[in-house]
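File shown: input04.cif (mmCIF, C-alpha atoms and all ligand atoms).
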```cif
data_data
loop_
_atom_site.label_atom_id
_atom_site.label_comp_id
_atom_site.auth_asym_id
_atom_site.auth_seq_id
_atom_site.Cartn_x
_atom_site.Cartn_y
_atom_site.Cartn_z
CA MET A 692 13.72 -3.52 22.93
CA ILE A 693 10.04 -2.94 23.58
CA ALA A 694 9.03 -0.05 25.82
CA ILE A 695 7.16 -1.20 28.91
CA GLN A 696 4.06 0.82 29.56
CA SER A 697 1.37 -1.54 30.71
CA GLY A 698 3.48 -3.75 32.97
CA ARG A 699 1.41 -6.85 32.19
CA MET A 700 3.27 -10.12 31.88
CA LEU A 701 2.49 -12.25 28.84
CA CYS A 702 4.27 -14.54 26.42
CA CYS A 703 6.41 -13.19 23.61
CA LYS A 704 4.64 -13.44 20.25
CA LYS A 705 7.75 -14.84 18.61
CA HIS A 706 9.41 -17.09 21.15
CA GLY A 707 6.92 -17.78 23.88
CA LYS A 708 9.14 -16.26 26.57
CA LYS A 709 7.62 -14.33 29.48
CA MET A 710 7.70 -10.62 28.82
CA HIS A 711 5.76 -7.44 29.42
CA THR A 712 2.85 -6.75 27.07
CA PRO A 713 3.87 -4.34 24.35
CA PRO A 714 1.67 -1.23 24.46
CA PRO A 715 -0.77 -0.60 21.60
CA CYS A 716 1.76 1.68 19.86
CA LYS A 717 3.88 -1.44 19.15
CA VAL A 718 0.83 -3.24 17.75
CA PHE A 719 0.04 -0.23 15.55
CA GLN A 720 3.66 -0.13 14.29
CA ASP A 721 3.69 -3.88 13.56
CA LEU A 722 0.42 -3.58 11.67
CA GLU A 723 1.62 -0.58 9.69
CA HIS A 724 4.64 -2.62 8.61
CA TYR A 725 2.53 -5.68 7.84
CA LEU A 726 -0.22 -3.93 5.86
CA ASN A 727 2.20 -1.84 3.82
CA GLY A 728 4.52 -4.74 2.99
CA PRO A 729 3.95 -8.47 3.50
CA PHE A 730 0.15 -8.16 3.34
CA GLN A 731 0.33 -6.70 -0.18
CA ALA A 732 2.60 -9.51 -1.33
CA THR A 733 0.50 -12.34 0.15
CA GLU A 734 -2.07 -14.05 -2.00
CA GLY A 735 -5.47 -14.27 -0.35
CA TRP A 736 -8.92 -12.81 0.15
CA CYS A 737 -8.86 -9.91 2.55
CA ALA A 738 -8.98 -6.11 2.23
CA GLY A 739 -6.63 -4.14 4.45
CA HIS A 740 -9.51 -1.73 5.19
CA VAL A 741 -10.97 -4.37 7.52
CA TRP A 742 -8.45 -3.06 10.10
CA GLN A 743 -10.47 0.15 10.32
CA THR A 744 -12.89 -1.98 12.34
CA LEU A 745 -10.28 -4.22 13.98
CA LEU A 746 -7.99 -1.48 15.33
CA PRO A 747 -10.58 0.01 17.72
CA LEU A 748 -11.47 -3.49 18.89
CA VAL A 749 -7.79 -4.17 19.58
CA LEU A 750 -7.77 -0.98 21.68
CA ALA A 751 -11.01 -1.98 23.43
CA GLN A 752 -9.48 -5.31 24.45
CA HIS A 753 -6.39 -3.52 25.69
CA ALA A 754 -8.60 -1.17 27.73
CA LEU A 755 -10.17 -4.28 29.26
CA ASN A 756 -6.68 -5.57 30.12
CA PHE A 757 -7.41 -8.57 27.93
CA SER A 758 -5.23 -10.29 25.41
CA ALA A 759 -5.26 -13.88 24.16
CA PRO A 760 -4.26 -15.89 21.10
CA VAL A 761 -6.14 -15.60 17.81
CA ALA A 762 -7.63 -18.41 15.70
CA GLU A 763 -8.68 -18.96 12.11
CA VAL A 764 -10.32 -21.83 10.26
CA GLY A 765 -9.00 -21.54 6.70
CA PRO A 766 -5.94 -19.26 6.91
CA TYR A 767 -4.81 -20.28 3.37
CA HIS A 768 -1.50 -18.37 2.97
CA GLY A 769 -2.19 -16.34 6.09
CA LYS A 770 -3.11 -12.97 4.58
CA PHE A 771 -5.70 -12.29 7.30
CA PHE A 772 -4.26 -14.65 9.92
CA TRP A 773 -0.83 -13.00 10.20
CA GLY A 774 -2.52 -9.62 10.40
CA LEU A 775 -4.64 -10.92 13.28
CA VAL A 776 -1.48 -12.21 14.96
CA GLN A 777 0.06 -8.75 14.53
CA SER A 778 -3.10 -7.23 16.03
CA THR A 779 -2.70 -8.88 19.39
CA PRO A 780 -0.16 -7.42 21.80
CA ALA A 781 1.65 -10.63 22.57
CA ILE A 782 0.97 -14.30 23.21
CA MET A 783 1.89 -17.50 21.44
CA ARG A 784 -0.21 -20.58 20.56
CA HIS A 785 -2.32 -18.90 17.91
CA LEU A 786 -4.50 -21.52 16.25
CA ALA A 787 -4.64 -22.22 12.51
CA ILE A 788 -6.89 -24.99 11.16
CA ASP A 789 -6.62 -25.80 7.44
CA ILE A 790 -6.73 -28.85 5.22
CA PHE A 791 -3.87 -27.31 3.24
CA GLY A 792 -2.73 -29.93 0.73
CA LEU A 793 -4.60 -32.87 2.23
CA GLU A 794 -5.98 -35.13 -0.46
CA GLN A 795 -9.62 -34.97 0.37
CA GLU A 796 -12.72 -33.59 -1.14
CA ASN A 797 -12.92 -29.84 -1.04
CA ALA A 798 -16.38 -29.40 0.41
CA ASP A 799 -17.08 -26.02 -1.15
CA GLN A 800 -15.77 -27.11 -4.57
CA SER A 801 -13.90 -23.86 -4.89
CA GLY A 802 -10.69 -25.75 -5.56
CA VAL A 803 -8.94 -23.41 -3.18
CA LYS A 804 -6.49 -25.08 -0.85
CA GLY A 805 -3.98 -23.41 1.39
CA ASP A 806 -0.27 -24.09 1.18
CA ARG A 807 1.33 -25.02 4.50
CA ALA A 808 4.87 -24.06 3.44
CA LEU A 809 3.81 -20.67 2.08
CA PHE A 810 1.66 -20.05 5.16
CA LEU A 811 4.53 -20.78 7.57
CA GLY A 812 7.04 -18.91 5.36
CA HIS A 813 4.96 -15.74 5.60
CA GLY A 814 4.95 -16.07 9.39
CA ARG A 815 8.72 -16.59 9.46
CA SER A 816 9.24 -13.46 7.37
CA LEU A 817 7.50 -11.59 10.21
CA GLY A 818 9.83 -13.22 12.72
CA ILE A 819 7.22 -15.66 14.01
CA GLN A 820 8.41 -19.24 14.41
CA GLU A 821 6.31 -22.35 13.77
CA SER A 822 6.48 -23.17 17.48
CA ALA A 823 4.37 -20.08 18.23
CA ILE A 824 1.51 -21.47 16.16
CA ASN A 825 -0.75 -24.39 16.91
CA LEU A 826 -1.28 -25.69 13.39
CA ILE A 827 -3.95 -28.34 12.91
CA GLU A 828 -3.82 -29.73 9.38
CA LYS A 829 -7.24 -31.36 9.33
CA ASP A 830 -10.74 -31.07 7.97
CA SER A 831 -12.42 -28.80 10.53
CA LEU A 832 -15.52 -31.02 10.49
CA THR A 833 -13.48 -33.73 12.23
CA LEU A 834 -12.69 -31.40 15.14
CA THR A 835 -14.75 -30.47 18.18
CA ALA A 836 -14.23 -27.64 20.63
CA GLU A 837 -13.23 -30.27 23.18
CA SER A 838 -10.71 -32.03 20.92
CA ILE A 839 -9.16 -28.69 19.99
CA GLN A 840 -8.71 -27.91 23.67
CA THR A 841 -7.55 -31.30 24.92
CA GLN A 842 -6.14 -33.39 22.06
CA TYR A 843 -4.33 -30.47 20.48
CA ASN A 844 -3.42 -28.80 23.74
CA THR A 845 -4.70 -25.44 22.58
CA LYS A 846 -4.76 -22.42 24.81
CA THR A 847 -8.28 -20.98 24.77
CA PRO A 848 -10.38 -18.89 24.78
CA PHE A 849 -9.40 -16.70 21.84
CA SER A 850 -9.41 -12.94 21.39
CA PHE A 851 -10.25 -13.04 17.67
CA PHE A 852 -11.64 -16.07 15.81
CA SER A 853 -11.99 -15.95 12.02
CA VAL A 854 -14.29 -18.38 10.21
CA ASP A 855 -13.11 -18.74 6.60
CA GLY A 856 -12.80 -22.45 5.81
CA ALA A 857 -15.07 -24.52 3.57
CA HIS A 858 -18.18 -22.65 2.45
CA HIS A 859 -20.61 -25.56 2.42
CA PRO A 860 -23.45 -24.77 4.89
CA ASP A 861 -22.63 -27.74 7.17
CA TYR A 862 -19.05 -26.52 7.45
CA VAL A 863 -19.94 -22.87 7.99
CA GLU A 864 -22.33 -23.87 10.76
CA HIS A 865 -19.80 -26.22 12.35
CA ASP A 866 -16.96 -23.68 12.19
CA LEU A 867 -19.20 -20.92 13.53
CA ASN A 868 -20.17 -23.18 16.44
CA LEU A 869 -16.47 -23.84 17.12
CA ALA A 870 -15.89 -20.09 17.22
CA LEU A 871 -18.88 -19.55 19.52
CA SER A 872 -17.53 -22.17 21.92
CA LEU A 873 -13.90 -21.08 21.91
CA THR A 874 -13.99 -17.26 21.86
CA ASP A 875 -13.66 -15.27 25.07
CA ARG A 876 -16.68 -13.11 25.96
CA ARG A 877 -14.48 -10.04 25.40
CA GLY A 878 -13.43 -11.46 22.03
CA ILE A 879 -14.61 -11.04 18.44
CA ILE A 880 -15.77 -13.63 15.90
CA ILE A 881 -15.30 -12.70 12.25
CA VAL A 882 -17.34 -14.52 9.61
CA ASP A 883 -15.96 -14.13 6.09
CA ASP A 884 -17.96 -13.94 2.85
CA TYR A 885 -21.11 -12.74 4.58
CA SER A 886 -21.97 -10.58 1.57
CA ASN A 887 -20.46 -12.76 -1.17
CA PRO A 888 -23.22 -13.84 -3.60
CA ARG A 889 -21.04 -16.82 -4.62
CA TRP A 890 -21.29 -18.12 -1.04
CA HIS A 891 -24.80 -17.08 -0.12
CA CYS A 892 -25.01 -19.99 2.31
CA VAL A 893 -22.82 -18.06 4.75
CA GLN A 894 -25.59 -15.50 5.19
CA GLU A 895 -28.20 -18.27 5.34
CA VAL A 896 -26.32 -20.11 8.10
CA VAL A 897 -26.00 -16.91 10.13
CA ALA A 898 -29.69 -16.07 9.58
CA ARG A 899 -30.77 -19.55 10.66
CA LYS A 900 -28.66 -19.29 13.79
CA TYR A 901 -30.23 -15.98 14.87
CA LEU A 902 -33.79 -16.76 13.79
CA LEU A 903 -33.87 -20.19 15.46
CA SER A 904 -31.69 -19.61 18.51
CA ASP A 905 -30.36 -16.84 20.67
CA PRO A 906 -26.54 -17.02 20.76
CA GLU A 907 -24.68 -14.92 23.30
CA PHE A 908 -22.54 -13.47 20.49
CA VAL A 909 -24.51 -11.05 18.31
CA PRO A 910 -23.76 -9.05 15.14
CA LEU A 911 -21.64 -6.01 15.93
CA SER A 912 -20.73 -4.76 12.48
CA PHE A 913 -20.21 -5.58 8.85
CA SER A 914 -17.29 -4.40 6.73
CA CYS A 915 -15.23 -5.63 3.76
CA ASN A 916 -17.26 -8.82 3.26
CA LYS A 917 -16.86 -9.81 6.92
CA LEU A 918 -19.48 -9.94 9.69
CA PHE A 919 -18.14 -9.18 13.17
CA LEU A 920 -19.83 -10.72 16.22
CA CYS A 921 -19.28 -9.78 19.85
CA HIS A 922 -20.79 -10.87 23.15
CA ARG A 923 -24.12 -9.13 23.75
CA ASP A 924 -22.77 -7.64 27.02
CA PHE A 925 -20.17 -5.67 25.02
CA LEU A 926 -22.32 -4.72 22.03
CA ALA A 927 -23.12 -1.14 23.06
CA SER A 928 -19.59 -0.37 24.27
CA TYR A 929 -17.81 -1.93 21.30
CA ARG A 930 -20.23 -0.26 18.87
CA LYS A 931 -19.37 3.14 20.34
CA VAL A 932 -15.62 2.43 20.36
CA VAL A 933 -15.67 1.36 16.69
CA ARG A 934 -17.90 4.24 15.58
CA ASP A 935 -15.90 6.93 17.45
CA PHE A 936 -12.55 5.61 16.23
CA ILE A 937 -13.60 5.42 12.60
CA MET A 938 -15.25 8.83 12.59
CA THR A 939 -12.07 10.38 14.04
CA GLU A 940 -9.41 8.45 12.15
CA PHE A 941 -11.16 7.62 8.87
CA PRO A 942 -13.59 10.50 8.14
CA ASP A 943 -14.09 9.30 4.54
CA THR A 944 -15.57 6.01 5.71
CA ARG A 945 -19.35 5.79 5.77
CA VAL A 946 -20.73 4.42 9.05
CA TYR A 947 -24.39 3.42 9.37
CA ASP A 948 -26.45 2.02 12.21
CA THR A 949 -27.86 -1.33 11.11
CA ASP A 950 -30.25 -3.65 12.88
CA ARG A 951 -29.42 -7.35 12.41
CA PHE A 952 -31.73 -9.90 13.98
CA GLY A 953 -32.85 -7.37 16.61
CA HIS A 954 -29.35 -6.21 17.57
CA LEU A 955 -28.24 -2.69 16.75
CA GLY A 956 -24.85 -2.79 15.05
CA LEU A 957 -22.92 -0.94 12.35
CA THR A 958 -22.26 -1.13 8.65
CA ILE A 959 -18.85 0.27 7.80
CA LEU A 960 -18.08 1.19 4.22
CA PRO A 961 -14.49 2.41 3.78
CA ASP A 962 -13.43 4.34 0.69
CA MET A 963 -11.81 1.40 -1.10
CA LYS A 964 -10.14 3.70 -3.66
CA LYS A 965 -7.88 5.00 -0.91
CA ASN A 966 -5.07 2.84 0.45
CA MET A 967 -5.52 1.62 4.00
CA ARG A 968 -3.17 3.45 6.37
CA VAL A 969 -2.71 2.64 10.03
CA PRO A 970 -2.96 5.88 12.01
CA VAL A 971 -0.12 6.83 14.34
CA TYR A 972 -1.00 5.60 17.82
CA LYS A 973 -1.84 8.30 20.36
CA ASN A 974 -2.41 7.67 24.08
CA THR A 975 -5.69 9.58 23.82
CA MET A 976 -7.08 6.78 21.61
CA LEU A 977 -6.96 4.44 24.61
CA GLU A 978 -7.84 7.05 27.21
CA LYS A 979 -11.12 7.85 25.43
CA ILE A 980 -12.36 4.27 25.69
CA ARG A 981 -15.02 3.60 28.34
CA ILE A 982 -16.44 0.12 28.49
CA ALA A 983 -19.52 -0.25 30.64
C1 LIG A 1001 -10.91 -18.79 0.84
S1 LIG A 1001 -9.57 -19.58 1.58
C2 LIG A 1001 -9.31 -18.55 3.01
C3 LIG A 1001 -8.62 -17.23 2.74
C4 LIG A 1001 -7.83 -16.69 3.88
N1 LIG A 1001 -8.57 -16.60 5.12
C5 LIG A 1001 -7.17 -15.38 3.56
O1 LIG A 1001 -6.98 -14.54 4.48
O2 LIG A 1001 -6.80 -15.12 2.42
C6 LIG A 1001 -10.28 -21.02 2.30
C7 LIG A 1001 -9.30 -21.90 3.07
O3 LIG A 1001 -10.07 -22.89 3.76
C8 LIG A 1001 -9.38 -24.13 3.70
N2 LIG A 1001 -10.37 -25.21 3.86
C9 LIG A 1001 -11.27 -25.67 2.94
N3 LIG A 1001 -11.99 -26.67 3.45
C10 LIG A 1001 -11.56 -26.85 4.73
C11 LIG A 1001 -11.91 -27.75 5.77
N4 LIG A 1001 -12.87 -28.66 5.60
N5 LIG A 1001 -11.27 -27.66 6.96
C12 LIG A 1001 -10.28 -26.73 7.15
N6 LIG A 1001 -9.90 -25.86 6.18
C13 LIG A 1001 -10.52 -25.91 4.99
C14 LIG A 1001 -8.70 -24.14 2.34
O4 LIG A 1001 -7.58 -25.01 2.33
C15 LIG A 1001 -8.31 -22.65 2.20
O5 LIG A 1001 -7.00 -22.45 2.69
#
```

Any chance you could put this one into structure tokens?
Amino acid sequence: MIAIQSGRMLCCKKHGKKMHTPPPCKVFQDLEHYLNGPFQATEGWCAGHVWQTLLPLVLAQHALNFSAPVAEVGPYHGKFFWGLVQSTPAIMRHLAIDIFGLEQENADQSGVKGDRALFLGHGRSLGIQESAINLIEKDSLTLTAESIQTQYNTKTPFSFFSVDGAHHPDYVEHDLNLALSLTDRRGIIIVDDYSNPRWHCVQEVVARKYLLSDPEFVPLSFSCNKLFLCHRDFLASYRKVVRDFIMTEFPDTRVYDTDRFGHLGLTILPDMKKNMRVPVYKNTMLEKIRIA
């Protein structure tokens, strides 16, 4: 039985039934379980320390009374995806787009293809049924924001949208544009491999976007190979929430102010030699948050 603190009505993460939103303490407990267990056993490309940045953003969204499904292009076996699902207080219809085993050219020639059965099996082991996920087994380049919303009956906008599919520049740009179109203004876009020299095009695509246009989502922070974007209206508030949380809960992590394309954000460098631990949730964590 989940304690009712917030009194908000949402859908159950597992079964889609109407229920009250679990408070952040439940999210923190779920994440602690996930990061200490299933996460370690799941093959993939994601460091648990990335939740040092995600946890305060989860709290910020809760403070804004906002929660919505999450999305990822390229979940592979779900190492990051299922953690994102655990990071949101409730809701079903999370979106996963992956070619999985489809017999088609792998655009980034990495030879890496997700495995649908393993992906869904990891979700089931967390008690999340296939029906809670909107799984689109397709090349993301064949999808548009409109087709995702209408043809696939997807509930949007999203609270967190991770871009980690093919790493060819055309794909990165396309997937980033999908994320920009489908993420709520209170949400966060996460671009993987931003600092990976093997996939330098990710940084090039992001640079081109900010040098040639002026998207409403701007760089908020960088950590663990991932670039986090938020809506410009929330940049100052989210930056403060992330900085304050990390300095209190993870004093060994180095936090720097960093200007990216004219937007003041953060660079967050956790001590990777230490295991990631999810702090015990305290009400004061939420009470401290002020979002202008
Ligand atoms: C590097 S893996 C992603 C790792 C994953 N996010 C994790 O947490 O471990 C890249 C994934 O993108 C998928 N992918 C590659 N090309 C794609 C495309 N054109 N459309 C959708 N997914 C694609 C692959 O099948 C693979 O599962």

Give me, as JSON lines, each residue of region 843-948 of chain A that comes within 6 Å of region 739-763 of chain A, together with its shortest interatomic pair and the distance in Å at one decimal, counting only C-alpha atoms, with rows ordered by chain and rising residue number.
```
{"residue": "A:Phe849", "atom": "CA", "partner": "A:Pro760", "partner_atom": "CA", "distance": 5.3}
{"residue": "A:Ser850", "atom": "CA", "partner": "A:Ala759", "partner_atom": "CA", "distance": 5.1}
{"residue": "A:Phe851", "atom": "CA", "partner": "A:Val761", "partner_atom": "CA", "distance": 4.8}
{"residue": "A:Phe852", "atom": "CA", "partner": "A:Ala762", "partner_atom": "CA", "distance": 4.6}
{"residue": "A:Ser853", "atom": "CA", "partner": "A:Glu763", "partner_atom": "CA", "distance": 4.5}
{"residue": "A:Val854", "atom": "CA", "partner": "A:Glu763", "partner_atom": "CA", "distance": 6.0}
{"residue": "A:Cys915", "atom": "CA", "partner": "A:Val741", "partner_atom": "CA", "distance": 5.8}
{"residue": "A:Val933", "atom": "CA", "partner": "A:Pro747", "partner_atom": "CA", "distance": 5.4}
```

Please save C-alpha atoms of the selected residues as an mmCIF file, keeping the file's coordinate frame.
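So out11.cif came out as:
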```
data_model
loop_
_atom_site.group_PDB
_atom_site.id
_atom_site.type_symbol
_atom_site.label_atom_id
_atom_site.label_comp_id
_atom_site.auth_asym_id
_atom_site.auth_seq_id
_atom_site.Cartn_x
_atom_site.Cartn_y
_atom_site.Cartn_z
ATOM 1 C CA PHE A 849 -9.400 -16.700 21.840
ATOM 2 C CA SER A 850 -9.410 -12.940 21.390
ATOM 3 C CA PHE A 851 -10.250 -13.040 17.670
ATOM 4 C CA PHE A 852 -11.640 -16.070 15.810
ATOM 5 C CA SER A 853 -11.990 -15.950 12.020
ATOM 6 C CA VAL A 854 -14.290 -18.380 10.210
ATOM 7 C CA CYS A 915 -15.230 -5.630 3.760
ATOM 8 C CA VAL A 933 -15.670 1.360 16.690
#
```

Next item on the list: Could you give me the residues within 8 Å of ligand LIG 1001 (chain A), counting all atoms listed in the file, as a PyMOL selection string?
Entry: chain A and resi 734-737+763-772+788-792+797-799+803-806+828-832+853-858+862+883

How would the residues just chosen look if you wrote them out with C-alpha atoms as a CSV table (one decimal), in the coordinates of the input?
```csv
chain,number,residue,atom,x,y,z
A,734,GLU,CA,-2.1,-14.0,-2.0
A,735,GLY,CA,-5.5,-14.3,-0.4
A,736,TRP,CA,-8.9,-12.8,0.2
A,737,CYS,CA,-8.9,-9.9,2.6
A,763,GLU,CA,-8.7,-19.0,12.1
A,764,VAL,CA,-10.3,-21.8,10.3
A,765,GLY,CA,-9.0,-21.5,6.7
A,766,PRO,CA,-5.9,-19.3,6.9
A,767,TYR,CA,-4.8,-20.3,3.4
A,768,HIS,CA,-1.5,-18.4,3.0
A,769,GLY,CA,-2.2,-16.3,6.1
A,770,LYS,CA,-3.1,-13.0,4.6
A,771,PHE,CA,-5.7,-12.3,7.3
A,772,PHE,CA,-4.3,-14.6,9.9
A,788,ILE,CA,-6.9,-25.0,11.2
A,789,ASP,CA,-6.6,-25.8,7.4
A,790,ILE,CA,-6.7,-28.8,5.2
A,791,PHE,CA,-3.9,-27.3,3.2
A,792,GLY,CA,-2.7,-29.9,0.7
A,797,ASN,CA,-12.9,-29.8,-1.0
A,798,ALA,CA,-16.4,-29.4,0.4
A,799,ASP,CA,-17.1,-26.0,-1.2
A,803,VAL,CA,-8.9,-23.4,-3.2
A,804,LYS,CA,-6.5,-25.1,-0.8
A,805,GLY,CA,-4.0,-23.4,1.4
A,806,ASP,CA,-0.3,-24.1,1.2
A,828,GLU,CA,-3.8,-29.7,9.4
A,829,LYS,CA,-7.2,-31.4,9.3
A,830,ASP,CA,-10.7,-31.1,8.0
A,831,SER,CA,-12.4,-28.8,10.5
A,832,LEU,CA,-15.5,-31.0,10.5
A,853,SER,CA,-12.0,-16.0,12.0
A,854,VAL,CA,-14.3,-18.4,10.2
A,855,ASP,CA,-13.1,-18.7,6.6
A,856,GLY,CA,-12.8,-22.4,5.8
A,857,ALA,CA,-15.1,-24.5,3.6
A,858,HIS,CA,-18.2,-22.6,2.4
A,862,TYR,CA,-19.0,-26.5,7.4
A,883,ASP,CA,-16.0,-14.1,6.1
```

Note to self: Considering all atoms listed in the file, can you say which of A:Ala927, A:Leu918, A:Arg807, A:Met967 comes closest to Phe730 (chain A)?
What the structure shows: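 Answer, going by the shortest atom-to-atom distance: A:Met967.
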
Can you list, as a CSV table (one decimal) with C-alpha atoms, keeping the file's coordinate frame, every protein, DNA or RNA residue that comes within 6 Å of His922 (chain A) when you count only C-alpha atoms, leaving out same-chain residues fewer than 4 positions away?
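And here's result_31.csv as it stands now:
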```csv
chain,number,residue,atom,x,y,z
A,876,ARG,CA,-16.7,-13.1,26.0
A,907,GLU,CA,-24.7,-14.9,23.3
A,908,PHE,CA,-22.5,-13.5,20.5
```

Note to self: One decimal, in Å: what's the spacing between CA of Thr847 (chain A) and CA of Gln894 (chain A)?
What the structure shows: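 CA of Gln894 (chain A) lies 26.7 Å from CA of Thr847 (chain A).
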
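For the set A:Ser904, A:Ser778, A:Thr835, A:Thr975, the residue with the smallest atom-to-atom gap to Ala870 (chain A) is A:Thr835, counting all atoms listed in the file.
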
Item checked: Computed interatomic separation between CA of Leu786 (chain A) and CA of Pro729 (chain A) (Å) ->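 These two atoms are separated by 20.1 Å.
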
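For the pair CA of Asp943 (chain A) and CA of Ile959 (chain A), the interatomic distance is 10.7 Å.
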
Checklist line | Nearest to Leu869 (chain A) by atom-to-atom distance, counting all atoms listed in the file, from A:Ser928, A:Thr939, A:Ser838, A:Ser912 | finding: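 Closest to Leu869 (chain A) of all the choices is A:Ser838.
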
Next item on the list: Pull the neighbourhood of (-2.7, 6.2, 27.5) for me: all residues within 12 Å in file coordinates, counting all atoms listed in the file, as a VMD selection string.
Entry: chain A and resid 696 to 697 714 to 716 750 753 to 754 972 to 980

All residues 12 Å or closer to Glu821 (chain A), all atoms listed in the file, same chain fewer than 3 positions away omitted, as a tab-separated table (two decimals) with C-alpha atoms, in the coordinates of the input:
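This is the output file part.tsv:
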```
chain	number	residue	atom	x	y	z
A	704	LYS	CA	4.64	-13.44	20.25
A	705	LYS	CA	7.75	-14.84	18.61
A	706	HIS	CA	9.41	-17.09	21.15
A	707	GLY	CA	6.92	-17.78	23.88
A	783	MET	CA	1.89	-17.50	21.44
A	784	ARG	CA	-0.21	-20.58	20.56
A	785	HIS	CA	-2.32	-18.90	17.91
A	786	LEU	CA	-4.50	-21.52	16.25
A	787	ALA	CA	-4.64	-22.22	12.51
A	807	ARG	CA	1.33	-25.02	4.50
A	808	ALA	CA	4.87	-24.06	3.44
A	810	PHE	CA	1.66	-20.05	5.16
A	811	LEU	CA	4.53	-20.78	7.57
A	812	GLY	CA	7.04	-18.91	5.36
A	813	HIS	CA	4.96	-15.74	5.60
A	814	GLY	CA	4.95	-16.07	9.39
A	815	ARG	CA	8.72	-16.59	9.46
A	816	SER	CA	9.24	-13.46	7.37
A	817	LEU	CA	7.50	-11.59	10.21
A	818	GLY	CA	9.83	-13.22	12.72
A	824	ILE	CA	1.51	-21.47	16.16
A	825	ASN	CA	-0.75	-24.39	16.91
A	826	LEU	CA	-1.28	-25.69	13.39
A	827	ILE	CA	-3.95	-28.34	12.91
```

Item checked: Pick from A:Pro970, A:Pro780, A:Gly956, A:Gly878 nearest to Leu926 (chain A), counting all atoms listed in the file -> A:Gly956

Write out as AutoDock Vina command-line options an axis-aligned box for region 958-962 of chain A: all of its atoms listed in the file, 4 Å added on each side, centre and edge lengths in Å with one decimal.
```
--center_x -17.8 --center_y 1.6 --center_z 4.7 --size_x 16.8 --size_y 13.5 --size_z 16.0
```

Margin query: With only C-alpha atoms as the counted atoms, please give the residues lying no more than 7 Å from Asp948 (chain A), apart from itself and same-chain residues fewer than 2 positions off, as an NGL selection string.
Written below: :A and (946 or 950 or 955-958)

Would you fill the gaps in region 943-953 of chain A so it has N, CA, C and O atoms, then print it as an mmCIF file, keeping the file's coordinate frame?
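This is the output file selection_12.cif:
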```
data_model
loop_
_atom_site.group_PDB
_atom_site.id
_atom_site.type_symbol
_atom_site.label_atom_id
_atom_site.label_comp_id
_atom_site.auth_asym_id
_atom_site.auth_seq_id
_atom_site.Cartn_x
_atom_site.Cartn_y
_atom_site.Cartn_z
ATOM 1 N N ASP A 943 -13.496 9.611 5.848
ATOM 2 C CA ASP A 943 -14.090 9.300 4.540
ATOM 3 C C ASP A 943 -14.919 8.023 4.561
ATOM 4 O O ASP A 943 -15.602 7.705 3.580
ATOM 5 N N THR A 944 -14.821 7.273 5.626
ATOM 6 C CA THR A 944 -15.570 6.010 5.710
ATOM 7 C C THR A 944 -17.021 6.300 6.109
ATOM 8 O O THR A 944 -17.274 7.107 7.005
ATOM 9 N N ARG A 945 -17.932 5.627 5.418
ATOM 10 C CA ARG A 945 -19.350 5.790 5.770
ATOM 11 C C ARG A 945 -19.718 4.775 6.853
ATOM 12 O O ARG A 945 -19.415 3.588 6.714
ATOM 13 N N VAL A 946 -20.347 5.278 7.916
ATOM 14 C CA VAL A 946 -20.730 4.420 9.050
ATOM 15 C C VAL A 946 -22.236 4.534 9.238
ATOM 16 O O VAL A 946 -22.768 5.639 9.387
ATOM 17 N N TYR A 947 -22.927 3.415 9.207
ATOM 18 C CA TYR A 947 -24.390 3.420 9.370
ATOM 19 C C TYR A 947 -24.781 2.522 10.539
ATOM 20 O O TYR A 947 -24.172 1.473 10.767
ATOM 21 N N ASP A 948 -25.831 2.933 11.241
ATOM 22 C CA ASP A 948 -26.450 2.020 12.210
ATOM 23 C C ASP A 948 -27.248 0.983 11.428
ATOM 24 O O ASP A 948 -27.968 1.350 10.486
ATOM 25 N N THR A 949 -27.126 -0.276 11.812
ATOM 26 C CA THR A 949 -27.860 -1.330 11.110
ATOM 27 C C THR A 949 -28.365 -2.351 12.115
ATOM 28 O O THR A 949 -27.597 -2.850 12.941
ATOM 29 N N ASP A 950 -29.664 -2.634 12.024
ATOM 30 C CA ASP A 950 -30.250 -3.650 12.880
ATOM 31 C C ASP A 950 -30.099 -5.013 12.217
ATOM 32 O O ASP A 950 -30.472 -5.185 11.060
ATOM 33 N N ARG A 951 -29.518 -5.966 12.939
ATOM 34 C CA ARG A 951 -29.420 -7.350 12.410
ATOM 35 C C ARG A 951 -29.996 -8.293 13.457
ATOM 36 O O ARG A 951 -29.471 -8.380 14.570
ATOM 37 N N PHE A 952 -31.081 -8.918 13.100
ATOM 38 C CA PHE A 952 -31.730 -9.900 13.980
ATOM 39 C C PHE A 952 -32.038 -9.297 15.361
ATOM 40 O O PHE A 952 -31.883 -9.948 16.399
ATOM 41 N N GLY A 953 -32.440 -8.025 15.351
ATOM 42 C CA GLY A 953 -32.850 -7.370 16.610
ATOM 43 C C GLY A 953 -31.694 -6.793 17.416
ATOM 44 O O GLY A 953 -31.898 -6.351 18.553
#
```
